[in-house]
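A.B. asks: I have a structure I would like to understand better, so I am pasting it below and will then ask my questions one at a time.
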Amino acid sequence: MAPSHPSAIDRSRPLPSAADLRHWETPYADALERHAARGPLALMVPGHGGDELGLSARLADFLGSRPLELDVPMLIDDIDLGEDSPLRRSLDLAADAWGARRTWFLTGGASQANRVAALAVRGLGENILSQRSAHSSFSDGVLSAGLVPSFVLPSIDTDHGVAHGVSPAALDDALTAAASSGRPADAVYIVSPSYFGAVADVAALAQVAHAQGAPLIVDGAWGPHFGFHPGLPESPARLGADLVVSSTHKLGGSLTQSAMLHLGHGPFAAALEPLVERAVSITASTSTSALLLASLDIARHSLATGAELIGRSIAVADAFREALRSDPRFGVLSDGFGAFGDIVAVDPLRVAIDVSGTGVSGHWLRQRLIDADRIFFEMSTATSLVALIGAGKTPDLGRAHRALAAAVDSEEAHAERAETAAHEFPALPESGALRMLPRDAFFADTELVPAAEAVGRISADTLAAYPPGIPNLIPGEEITAPTVAFLQAVAASPSGFVRGAVDHRVERFRVTRPD
């Protein structure tokens, strides 16, 4: 039996009604097909002309001719022009599906959505209280908007170096402290679910934020499928969140780089709506990809009508977890989530595997599975691997388990154990003190210094270990020795990468010059 863990999943919640025929429609995608069926002569962009002729032949060989036919520019009648255009109807259907007042389709991913959210809430005031483990794209937004950040720390699983979420009590304390310091928060930003599938109490967090006069932004990038099956947590927009970042391509089935931003129905909706609209306008391409937009329209349809398929995905993920629990070499991280008060549910489509008992690092194991078996796990840490199962998908997880077992029993694993024991991966470091505002540090006079000389200096860059992309340094923070050691260890690991680093080994840091 698996150890118990908390769950806020309402298994009595009915499946989305098949009688709701609206969600069987795909207005925008259908409009693209109608346009292509008319055989237009395209004397406009894009330059491939919508056919496989001439210089487009190689592209058509690579993609097939259909994507070229559907890759139309913006501002076409019966596609995206007019108040009741197919695009507008698709956006309205998406808002209904996720329980939002309004939804925007984005082609810059959840990274664009995070930047939009930061720019929008700047219109309410300059002070933002953010979960410290926010994605680096939100830090970019804070910098771009000129927000003044303060932070609330998530709970940390120190055994695995994993950041979870924020409890309502921790948020209330942080908001009270911000107000006492003379900088009451004008907005709050939290992450749910986490990269490891931990789900925070969004409803309670929204109540806490609203009680202190601030809207709640939820980075729900990893939960676009929430709300579409009774075995899944609810959509944050239905739980009181004011803005919800949704990376639809991650588990929702749309094409890579497509995402949505949902506006909730809360007390800040009227103020936020025009701010979001303006922020989307200045961050969006004026040549938005019709293929990405259509994939969002189709993903909404598939999620809203695909409860049975999603149930099968949950079943195969549950079976994988049970197989791992029966294997003494592995464990399941979510079995220990009950020890953390901020976690109220778990995303069943994320399988976080504890590999600490194998004696090899998760980084080595992930790369070994890629090289030997062409099996790609979403991410790794020193002690874990994370498998992601797309909503409605049923991958061969038995193959994954067999490959895991073979990898840890291999001769290469025996050699790696000795190496791992000799070079222990550093722990997730605490953040340094914020000594300058991020925007001031970013635009300050800077210099490059060797890593050893950077300790104690102020970073001018955002540095984030990938995966998962949580900033370990933001502009204005003091660089600490543990942070340097951690970033260099990530950069040296088989699948590691540090976004924002001056060089791939993180041997130098960009710091502000002393006055």
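Within each chain, counting starts at residue 1; across the structure tokens, chains are named A, B, ... in the order shown, with ligands numbered 1 upward in that order.
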Would you kindly return, as a VMD selection string, each protein, DNA or RNA residue with an atom no farther than 12 Å from any atom of region 19-29 of chain A, considering only C-alpha atoms and excluding same-chain residues fewer than 6 positions away?
C.D. replies: chain A and resid 35 to 36 67 70 to 72 76 to 81 84 to 98 105 290 to 306
A.B. asks: Next, write the just-selected residues to a file, as a compact mmCIF listing (two decimals), in the first residue's frame, keeping N, CA and C atoms as the atom set.
C.D. replies:
```txt
# COMPACT_ATOMS: atom_id res chain seq x y z
N HIS A 35 -10.80 28.15 -45.21
CA HIS A 35 -9.98 29.05 -46.01
C HIS A 35 -9.11 28.26 -46.98
N ALA A 36 -8.47 27.21 -46.49
CA ALA A 36 -7.59 26.40 -47.34
C ALA A 36 -8.38 25.70 -48.43
N PRO A 67 0.31 21.75 -43.34
CA PRO A 67 0.65 22.91 -42.50
C PRO A 67 0.85 24.18 -43.29
N LEU A 70 -2.50 25.77 -44.07
CA LEU A 70 -3.20 26.33 -42.91
C LEU A 70 -2.44 27.47 -42.25
N ASP A 71 -1.22 27.72 -42.68
CA ASP A 71 -0.38 28.76 -42.07
C ASP A 71 -0.70 30.11 -42.69
N VAL A 72 -1.81 30.69 -42.25
CA VAL A 72 -2.28 31.94 -42.84
C VAL A 72 -1.92 33.11 -41.93
N ILE A 76 -7.78 38.12 -41.41
CA ILE A 76 -8.47 37.54 -42.55
C ILE A 76 -9.94 37.39 -42.19
N ASP A 77 -10.82 37.82 -43.07
CA ASP A 77 -12.26 37.66 -42.85
C ASP A 77 -12.60 36.18 -42.64
N ASP A 78 -13.58 35.95 -41.78
CA ASP A 78 -14.05 34.61 -41.44
C ASP A 78 -12.98 33.77 -40.74
N ILE A 79 -11.95 34.44 -40.21
CA ILE A 79 -10.97 33.73 -39.38
C ILE A 79 -10.78 34.49 -38.07
N ASP A 80 -10.28 35.73 -38.15
CA ASP A 80 -10.01 36.46 -36.91
C ASP A 80 -10.48 37.91 -36.93
N LEU A 81 -11.15 38.33 -37.98
CA LEU A 81 -11.67 39.70 -38.03
C LEU A 81 -13.12 39.75 -37.54
N ASP A 84 -17.49 38.78 -33.75
CA ASP A 84 -17.96 37.41 -33.60
C ASP A 84 -17.19 36.49 -34.55
N SER A 85 -15.90 36.74 -34.64
CA SER A 85 -15.05 35.94 -35.53
C SER A 85 -14.88 34.53 -34.96
N PRO A 86 -14.47 33.58 -35.79
CA PRO A 86 -14.16 32.25 -35.26
C PRO A 86 -13.12 32.28 -34.15
N LEU A 87 -12.13 33.17 -34.26
CA LEU A 87 -11.14 33.26 -33.18
C LEU A 87 -11.80 33.70 -31.88
N ARG A 88 -12.67 34.69 -31.95
CA ARG A 88 -13.35 35.16 -30.73
C ARG A 88 -14.20 34.06 -30.13
N ARG A 89 -14.89 33.28 -30.97
CA ARG A 89 -15.71 32.19 -30.44
C ARG A 89 -14.83 31.12 -29.79
N SER A 90 -13.66 30.86 -30.35
CA SER A 90 -12.75 29.89 -29.75
C SER A 90 -12.23 30.38 -28.41
N LEU A 91 -11.94 31.66 -28.31
CA LEU A 91 -11.48 32.23 -27.04
C LEU A 91 -12.58 32.15 -25.98
N ASP A 92 -13.82 32.41 -26.37
CA ASP A 92 -14.93 32.32 -25.43
C ASP A 92 -15.13 30.88 -24.95
N LEU A 93 -14.98 29.93 -25.86
CA LEU A 93 -15.10 28.53 -25.46
C LEU A 93 -13.99 28.14 -24.49
N ALA A 94 -12.79 28.64 -24.71
CA ALA A 94 -11.69 28.33 -23.79
C ALA A 94 -11.96 28.92 -22.41
N ALA A 95 -12.45 30.14 -22.36
CA ALA A 95 -12.78 30.74 -21.06
C ALA A 95 -13.82 29.89 -20.33
N ASP A 96 -14.83 29.43 -21.06
CA ASP A 96 -15.85 28.58 -20.45
C ASP A 96 -15.24 27.26 -19.95
N ALA A 97 -14.35 26.68 -20.75
CA ALA A 97 -13.79 25.37 -20.40
C ALA A 97 -12.97 25.43 -19.11
N TRP A 98 -12.24 26.51 -18.92
CA TRP A 98 -11.39 26.61 -17.73
C TRP A 98 -12.05 27.42 -16.60
N PHE A 105 -5.25 33.56 -26.02
CA PHE A 105 -4.35 32.59 -26.62
C PHE A 105 -3.00 33.28 -26.82
N ALA A 290 -0.92 31.00 -36.94
CA ALA A 290 -2.25 30.40 -37.00
C ALA A 290 -2.22 28.94 -36.58
N LEU A 291 -1.13 28.24 -36.86
CA LEU A 291 -1.03 26.84 -36.47
C LEU A 291 -1.03 26.68 -34.95
N LEU A 292 -0.32 27.57 -34.26
CA LEU A 292 -0.31 27.50 -32.80
C LEU A 292 -1.68 27.83 -32.23
N LEU A 293 -2.33 28.85 -32.79
CA LEU A 293 -3.67 29.21 -32.31
C LEU A 293 -4.65 28.07 -32.53
N ALA A 294 -4.58 27.46 -33.71
CA ALA A 294 -5.49 26.34 -34.01
C ALA A 294 -5.24 25.17 -33.06
N SER A 295 -3.97 24.95 -32.72
CA SER A 295 -3.67 23.84 -31.80
C SER A 295 -4.26 24.10 -30.42
N LEU A 296 -4.33 25.36 -30.00
CA LEU A 296 -4.97 25.70 -28.73
C LEU A 296 -6.47 25.44 -28.80
N ASP A 297 -7.08 25.82 -29.92
CA ASP A 297 -8.52 25.59 -30.10
C ASP A 297 -8.83 24.10 -30.04
N ILE A 298 -8.01 23.31 -30.72
CA ILE A 298 -8.23 21.86 -30.74
C ILE A 298 -7.92 21.23 -29.39
N ALA A 299 -6.91 21.72 -28.70
CA ALA A 299 -6.59 21.19 -27.37
C ALA A 299 -7.74 21.43 -26.40
N ARG A 300 -8.33 22.62 -26.47
CA ARG A 300 -9.50 22.89 -25.61
C ARG A 300 -10.61 21.90 -25.89
N HIS A 301 -10.93 21.71 -27.16
CA HIS A 301 -11.96 20.73 -27.54
C HIS A 301 -11.61 19.34 -27.01
N SER A 302 -10.36 18.92 -27.19
CA SER A 302 -9.96 17.57 -26.80
C SER A 302 -10.03 17.36 -25.29
N LEU A 303 -9.61 18.36 -24.53
CA LEU A 303 -9.67 18.25 -23.07
C LEU A 303 -11.12 18.26 -22.58
N ALA A 304 -11.92 19.17 -23.14
CA ALA A 304 -13.30 19.33 -22.66
C ALA A 304 -14.18 18.14 -23.01
N THR A 305 -13.80 17.38 -24.03
CA THR A 305 -14.61 16.23 -24.45
C THR A 305 -13.88 14.91 -24.23
N GLY A 306 -12.73 14.95 -23.57
CA GLY A 306 -11.89 13.76 -23.50
C GLY A 306 -11.73 13.15 -22.14
```
A.B. asks: Would you return as JSON, numbers by chain the members of region 41-280 of chain A that DSSP assigns to strand (DSSP E or B) on this structure's backbone?
C.D. replies: {"A": [102, 103, 104, 105, 106, 127, 128, 129, 130, 131, 148, 149, 150, 151, 152, 156, 157, 162, 163, 187, 188, 189, 190, 191, 198, 199, 200, 216, 217, 218, 219, 243, 244, 245, 246, 259, 260, 261, 262, 263]}
A.B. asks: Can those selected residues be exported to a file as a short mmCIF file (atom, residue, chain, number, x, y, z; two decimals), in the first residue's frame so that it contains N, CA, C and O atoms?
C.D. replies:
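Writing the result to part.cif gives the following:
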```cif
data_model
loop_
_atom_site.label_atom_id
_atom_site.label_comp_id
_atom_site.auth_asym_id
_atom_site.auth_seq_id
_atom_site.Cartn_x
_atom_site.Cartn_y
_atom_site.Cartn_z
N ARG A 102 -12.36 35.57 -18.98
CA ARG A 102 -11.82 35.80 -20.31
C ARG A 102 -10.51 35.04 -20.45
O ARG A 102 -9.78 34.85 -19.46
N THR A 103 -10.21 34.60 -21.67
CA THR A 103 -8.98 33.86 -21.95
C THR A 103 -8.29 34.47 -23.15
O THR A 103 -8.94 34.90 -24.10
N TRP A 104 -6.96 34.51 -23.09
CA TRP A 104 -6.14 34.93 -24.21
C TRP A 104 -5.32 33.73 -24.69
O TRP A 104 -4.76 32.98 -23.90
N PHE A 105 -5.25 33.56 -26.02
CA PHE A 105 -4.35 32.59 -26.62
C PHE A 105 -3.00 33.28 -26.82
O PHE A 105 -2.93 34.40 -27.34
N LEU A 106 -1.93 32.58 -26.47
CA LEU A 106 -0.58 33.15 -26.57
C LEU A 106 0.31 32.21 -27.37
O LEU A 106 0.22 30.99 -27.23
N ASN A 127 4.36 46.97 -5.99
CA ASN A 127 4.85 45.96 -5.05
C ASN A 127 4.24 44.59 -5.35
O ASN A 127 3.02 44.43 -5.38
N ILE A 128 5.11 43.61 -5.55
CA ILE A 128 4.67 42.24 -5.83
C ILE A 128 5.27 41.30 -4.79
O ILE A 128 6.46 41.37 -4.49
N LEU A 129 4.42 40.46 -4.21
CA LEU A 129 4.88 39.42 -3.30
C LEU A 129 4.88 38.11 -4.10
O LEU A 129 3.82 37.65 -4.54
N SER A 130 6.05 37.54 -4.30
CA SER A 130 6.18 36.38 -5.18
C SER A 130 6.74 35.18 -4.43
O SER A 130 7.63 35.32 -3.59
N GLN A 131 6.23 34.01 -4.77
CA GLN A 131 6.86 32.78 -4.33
C GLN A 131 8.29 32.77 -4.88
O GLN A 131 8.52 33.02 -6.07
N VAL A 148 8.64 46.00 -7.63
CA VAL A 148 9.49 45.87 -6.44
C VAL A 148 9.10 44.57 -5.75
O VAL A 148 8.01 44.46 -5.18
N PRO A 149 9.97 43.55 -5.80
CA PRO A 149 9.57 42.25 -5.26
C PRO A 149 9.89 42.07 -3.79
O PRO A 149 10.87 42.58 -3.27
N SER A 150 9.02 41.34 -3.13
CA SER A 150 9.35 40.71 -1.86
C SER A 150 8.94 39.26 -2.03
O SER A 150 8.24 38.90 -2.98
N PHE A 151 9.38 38.41 -1.12
CA PHE A 151 9.25 36.98 -1.39
C PHE A 151 8.62 36.23 -0.23
O PHE A 151 8.76 36.60 0.94
N VAL A 152 7.92 35.16 -0.61
CA VAL A 152 7.43 34.19 0.35
C VAL A 152 8.06 32.86 -0.03
O VAL A 152 8.06 32.47 -1.21
N ILE A 156 10.23 23.24 1.50
CA ILE A 156 11.35 22.57 0.83
C ILE A 156 11.49 21.15 1.36
O ILE A 156 11.53 20.92 2.58
N ASP A 157 11.55 20.20 0.45
CA ASP A 157 11.92 18.84 0.79
C ASP A 157 13.43 18.78 0.75
O ASP A 157 14.05 18.68 -0.31
N VAL A 162 13.77 19.71 -3.30
CA VAL A 162 12.59 20.02 -4.11
C VAL A 162 11.78 21.14 -3.44
O VAL A 162 11.47 21.05 -2.24
N ALA A 163 11.46 22.17 -4.21
CA ALA A 163 10.60 23.24 -3.72
C ALA A 163 9.15 22.89 -4.04
O ALA A 163 8.82 22.53 -5.18
N ALA A 187 0.02 42.82 -5.48
CA ALA A 187 -0.35 41.58 -6.15
C ALA A 187 0.48 40.45 -5.55
O ALA A 187 1.55 40.68 -4.97
N VAL A 188 -0.04 39.24 -5.69
CA VAL A 188 0.62 38.04 -5.17
C VAL A 188 0.79 37.04 -6.31
O VAL A 188 -0.11 36.88 -7.14
N TYR A 189 1.93 36.36 -6.32
CA TYR A 189 2.21 35.36 -7.36
C TYR A 189 2.65 34.06 -6.69
O TYR A 189 3.60 34.05 -5.90
N ILE A 190 1.95 32.97 -7.00
CA ILE A 190 2.32 31.67 -6.45
C ILE A 190 2.34 30.64 -7.59
O ILE A 190 1.82 30.88 -8.68
N VAL A 191 2.93 29.48 -7.29
CA VAL A 191 3.08 28.40 -8.27
C VAL A 191 2.27 27.19 -7.82
O VAL A 191 2.45 26.70 -6.70
N ALA A 198 2.99 18.75 -6.95
CA ALA A 198 2.36 19.19 -5.71
C ALA A 198 1.40 20.34 -5.97
O ALA A 198 1.75 21.31 -6.65
N VAL A 199 0.19 20.25 -5.43
CA VAL A 199 -0.86 21.24 -5.68
C VAL A 199 -1.15 22.00 -4.38
O VAL A 199 -1.37 21.40 -3.33
N ALA A 200 -1.13 23.32 -4.49
CA ALA A 200 -1.39 24.18 -3.33
C ALA A 200 -2.89 24.42 -3.16
O ALA A 200 -3.70 24.15 -4.06
N LEU A 216 -4.54 37.45 -6.85
CA LEU A 216 -3.68 36.27 -6.83
C LEU A 216 -3.41 35.81 -8.25
O LEU A 216 -4.33 35.46 -8.99
N ILE A 217 -2.14 35.80 -8.63
CA ILE A 217 -1.69 35.20 -9.89
C ILE A 217 -1.23 33.79 -9.58
O ILE A 217 -0.42 33.58 -8.67
N VAL A 218 -1.73 32.83 -10.33
CA VAL A 218 -1.30 31.44 -10.16
C VAL A 218 -0.54 31.00 -11.41
O VAL A 218 -1.10 31.03 -12.51
N ASP A 219 0.71 30.65 -11.22
CA ASP A 219 1.44 30.02 -12.30
C ASP A 219 1.02 28.55 -12.33
O ASP A 219 1.57 27.70 -11.65
N LEU A 243 -5.58 35.64 -12.01
CA LEU A 243 -4.92 35.36 -13.28
C LEU A 243 -4.30 33.98 -13.19
O LEU A 243 -3.70 33.63 -12.17
N VAL A 244 -4.43 33.19 -14.26
CA VAL A 244 -3.88 31.84 -14.27
C VAL A 244 -3.05 31.66 -15.54
O VAL A 244 -3.57 31.78 -16.65
N VAL A 245 -1.78 31.39 -15.34
CA VAL A 245 -0.87 31.06 -16.44
C VAL A 245 -1.06 29.58 -16.76
O VAL A 245 -0.95 28.73 -15.88
N SER A 246 -1.33 29.27 -18.03
CA SER A 246 -1.61 27.89 -18.42
C SER A 246 -0.77 27.52 -19.63
O SER A 246 -1.01 28.02 -20.73
N ALA A 259 0.18 28.67 -25.43
CA ALA A 259 -0.25 28.77 -24.03
C ALA A 259 -1.50 29.62 -23.94
O ALA A 259 -1.96 30.20 -24.94
N MET A 260 -2.05 29.69 -22.75
CA MET A 260 -3.21 30.54 -22.48
C MET A 260 -2.99 31.32 -21.20
O MET A 260 -2.23 30.91 -20.32
N LEU A 261 -3.68 32.43 -21.10
CA LEU A 261 -3.75 33.20 -19.86
C LEU A 261 -5.22 33.41 -19.55
O LEU A 261 -5.97 33.92 -20.39
N HIS A 262 -5.63 33.00 -18.35
CA HIS A 262 -7.03 33.07 -17.95
C HIS A 262 -7.23 34.16 -16.91
O HIS A 262 -6.47 34.26 -15.93
N LEU A 263 -8.27 34.96 -17.11
CA LEU A 263 -8.69 35.97 -16.14
C LEU A 263 -9.86 35.41 -15.35
O LEU A 263 -10.86 34.98 -15.92
#
```
A.B. asks: Hey, can you check how far CA of Ala120 (chain A) sits from CA of Ala465 (chain A)?
C.D. replies: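 Going from CA of Ala120 (chain A) over to CA of Ala465 (chain A), I get 26.8 Å.
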A.B. asks: I want to know what sits within 12 Å of Ala451 (chain A), based on only C-alpha atoms, with residues of the same chain fewer than 6 positions away left out; could you give that as a PyMOL selection string?
C.D. replies: chain A and resi 457+459+479-488+501-503+505-511
A.B. asks: Give me the residues near Lys250 (chain A) as a list in words, where near means some atom within 8 Å (using only C-alpha atoms) and where sequence neighbours in that chain fewer than 2 positions away do not count.
C.D. replies: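 Selected residues are Ala221, Trp222, Pro224, Ser247, Thr248, Gly252, Gly253, Ser254, Thr256 and Gly390 of chain A.
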A.B. asks: Find the residues around region 328-338 of chain A up to 9 Å (only C-alpha atoms counted), leave out those fewer than 2 positions away in its own chain, and share them as a ChimeraX atom specification.
C.D. replies: /A:2-6,160,196-198,321-322,324-326,340-341,343-346,351-358,384,405,408
A.B. asks: Would you pick out the contacts of Ser281 (chain A) at 12 Å or less, using only C-alpha atoms, so that residues sharing its chain but fewer than 2 positions from it are not included, and give the list as a PyMOL selection string?
C.D. replies: chain A and resi 104-106+112-113+115-116+119-120+274-279+283-288
A.B. asks: Using N, CA, C and O atoms, can you export the residues from the last selection as an mmCIF file, in the first residue's frame?
C.D. replies:
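Contents of selection-v7.cif, freshly written:
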```
data_model
loop_
_atom_site.group_PDB
_atom_site.id
_atom_site.type_symbol
_atom_site.label_atom_id
_atom_site.label_comp_id
_atom_site.auth_asym_id
_atom_site.auth_seq_id
_atom_site.Cartn_x
_atom_site.Cartn_y
_atom_site.Cartn_z
ATOM 1 N N TRP A 104 -6.964 34.508 -23.085
ATOM 2 C CA TRP A 104 -6.139 34.932 -24.212
ATOM 3 C C TRP A 104 -5.325 33.735 -24.692
ATOM 4 O O TRP A 104 -4.764 32.980 -23.899
ATOM 5 N N PHE A 105 -5.252 33.559 -26.019
ATOM 6 C CA PHE A 105 -4.345 32.588 -26.621
ATOM 7 C C PHE A 105 -2.996 33.278 -26.820
ATOM 8 O O PHE A 105 -2.934 34.400 -27.345
ATOM 9 N N LEU A 106 -1.930 32.582 -26.468
ATOM 10 C CA LEU A 106 -0.584 33.148 -26.571
ATOM 11 C C LEU A 106 0.309 32.210 -27.371
ATOM 12 O O LEU A 106 0.222 30.991 -27.234
ATOM 13 N N GLN A 112 5.608 34.006 -22.011
ATOM 14 C CA GLN A 112 4.911 35.247 -22.366
ATOM 15 C C GLN A 112 3.805 35.540 -21.360
ATOM 16 O O GLN A 112 3.626 36.696 -20.945
ATOM 17 N N ALA A 113 3.069 34.524 -20.960
ATOM 18 C CA ALA A 113 1.981 34.738 -20.000
ATOM 19 C C ALA A 113 2.508 35.298 -18.688
ATOM 20 O O ALA A 113 1.882 36.187 -18.078
ATOM 21 N N ARG A 115 5.202 37.132 -18.283
ATOM 22 C CA ARG A 115 5.602 38.524 -18.489
ATOM 23 C C ARG A 115 4.369 39.424 -18.602
ATOM 24 O O ARG A 115 4.361 40.551 -18.090
ATOM 25 N N VAL A 116 3.335 38.921 -19.269
ATOM 26 C CA VAL A 116 2.084 39.678 -19.363
ATOM 27 C C VAL A 116 1.508 39.922 -17.975
ATOM 28 O O VAL A 116 1.077 41.047 -17.649
ATOM 29 N N LEU A 119 3.492 42.637 -16.172
ATOM 30 C CA LEU A 119 3.214 43.965 -16.726
ATOM 31 C C LEU A 119 1.820 44.441 -16.339
ATOM 32 O O LEU A 119 1.612 45.621 -16.025
ATOM 33 N N ALA A 120 0.853 43.522 -16.340
ATOM 34 C CA ALA A 120 -0.524 43.907 -16.040
ATOM 35 C C ALA A 120 -0.674 44.374 -14.601
ATOM 36 O O ALA A 120 -1.286 45.421 -14.333
ATOM 37 N N PRO A 274 -8.389 45.273 -18.825
ATOM 38 C CA PRO A 274 -7.728 46.155 -19.806
ATOM 39 C C PRO A 274 -6.210 46.154 -19.657
ATOM 40 O O PRO A 274 -5.488 46.336 -20.652
ATOM 41 N N LEU A 275 -5.721 45.946 -18.458
ATOM 42 C CA LEU A 275 -4.272 45.895 -18.251
ATOM 43 C C LEU A 275 -3.667 44.671 -18.932
ATOM 44 O O LEU A 275 -2.601 44.753 -19.556
ATOM 45 N N VAL A 276 -4.346 43.539 -18.802
ATOM 46 C CA VAL A 276 -3.870 42.330 -19.471
ATOM 47 C C VAL A 276 -3.934 42.508 -20.984
ATOM 48 O O VAL A 276 -2.994 42.149 -21.710
ATOM 49 N N GLU A 277 -5.014 43.067 -21.475
ATOM 50 C CA GLU A 277 -5.178 43.261 -22.912
ATOM 51 C C GLU A 277 -4.028 44.094 -23.473
ATOM 52 O O GLU A 277 -3.456 43.778 -24.528
ATOM 53 N N ARG A 278 -3.678 45.159 -22.777
ATOM 54 C CA ARG A 278 -2.579 46.012 -23.241
ATOM 55 C C ARG A 278 -1.244 45.287 -23.156
ATOM 56 O O ARG A 278 -0.392 45.421 -24.049
ATOM 57 N N ALA A 279 -1.054 44.511 -22.095
ATOM 58 C CA ALA A 279 0.207 43.786 -21.940
ATOM 59 C C ALA A 279 0.354 42.698 -22.990
ATOM 60 O O ALA A 279 1.455 42.457 -23.501
ATOM 61 N N THR A 283 3.406 42.393 -26.034
ATOM 62 C CA THR A 283 4.300 41.236 -25.963
ATOM 63 C C THR A 283 4.053 40.224 -27.073
ATOM 64 O O THR A 283 4.874 39.331 -27.297
ATOM 65 N N ALA A 284 2.924 40.344 -27.781
ATOM 66 C CA ALA A 284 2.583 39.375 -28.815
ATOM 67 C C ALA A 284 3.233 39.742 -30.144
ATOM 68 O O ALA A 284 3.497 40.915 -30.428
ATOM 69 N N SER A 285 3.473 38.736 -30.949
ATOM 70 C CA SER A 285 3.947 38.975 -32.303
ATOM 71 C C SER A 285 2.816 39.549 -33.145
ATOM 72 O O SER A 285 1.645 39.205 -32.962
ATOM 73 N N THR A 286 3.169 40.423 -34.081
ATOM 74 C CA THR A 286 2.183 40.910 -35.042
ATOM 75 C C THR A 286 2.059 39.946 -36.229
ATOM 76 O O THR A 286 1.347 40.242 -37.190
ATOM 77 N N SER A 287 2.756 38.828 -36.129
ATOM 78 C CA SER A 287 2.616 37.739 -37.107
ATOM 79 C C SER A 287 2.347 36.445 -36.358
ATOM 80 O O SER A 287 3.092 35.467 -36.455
ATOM 81 N N THR A 288 1.295 36.447 -35.574
ATOM 82 C CA THR A 288 0.965 35.312 -34.730
ATOM 83 C C THR A 288 0.722 34.060 -35.569
ATOM 84 O O THR A 288 0.051 34.109 -36.599
#
```
A.B. asks: Report, in Å to a single decimal, how far apart CA of Ile389 (chain A) and CA of Ala317 (chain A) are.
C.D. replies: 7.3 Å
A.B. asks: Which one is closest to Thr107 (chain A): A:Ser258, A:Arg58, A:Val202, A:Pro267? Count only C-alpha atoms.
C.D. replies: A:Ser258
A.B. asks: For a test of reading the model, state the distance in Å between CA of Gly146 (chain A) and CA of Leu437 (chain A), rounded to one decimal.
C.D. replies: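 Atom-to-atom, CA of Gly146 (chain A) to CA of Leu437 (chain A), that is 8.6 Å.
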A.B. asks: Please identify which residues in region 251-471 of chain A DSSP calls helix (DSSP H, G or I) from the backbone, and express them as a ChimeraX atom specification.
C.D. replies: /A:251,269-283,290-304,307-325,333-339,356-358,362-373,397-408,411-422,438-442,451-454
A.B. asks: Which neighbours of region 39-56 of chain A fall inside 7 Å, counting only C-alpha atoms, when residues of the same chain fewer than 6 positions from it are skipped, and could you give them as a PyMOL selection string?
C.D. replies: chain A and resi 65+68-69+71+73
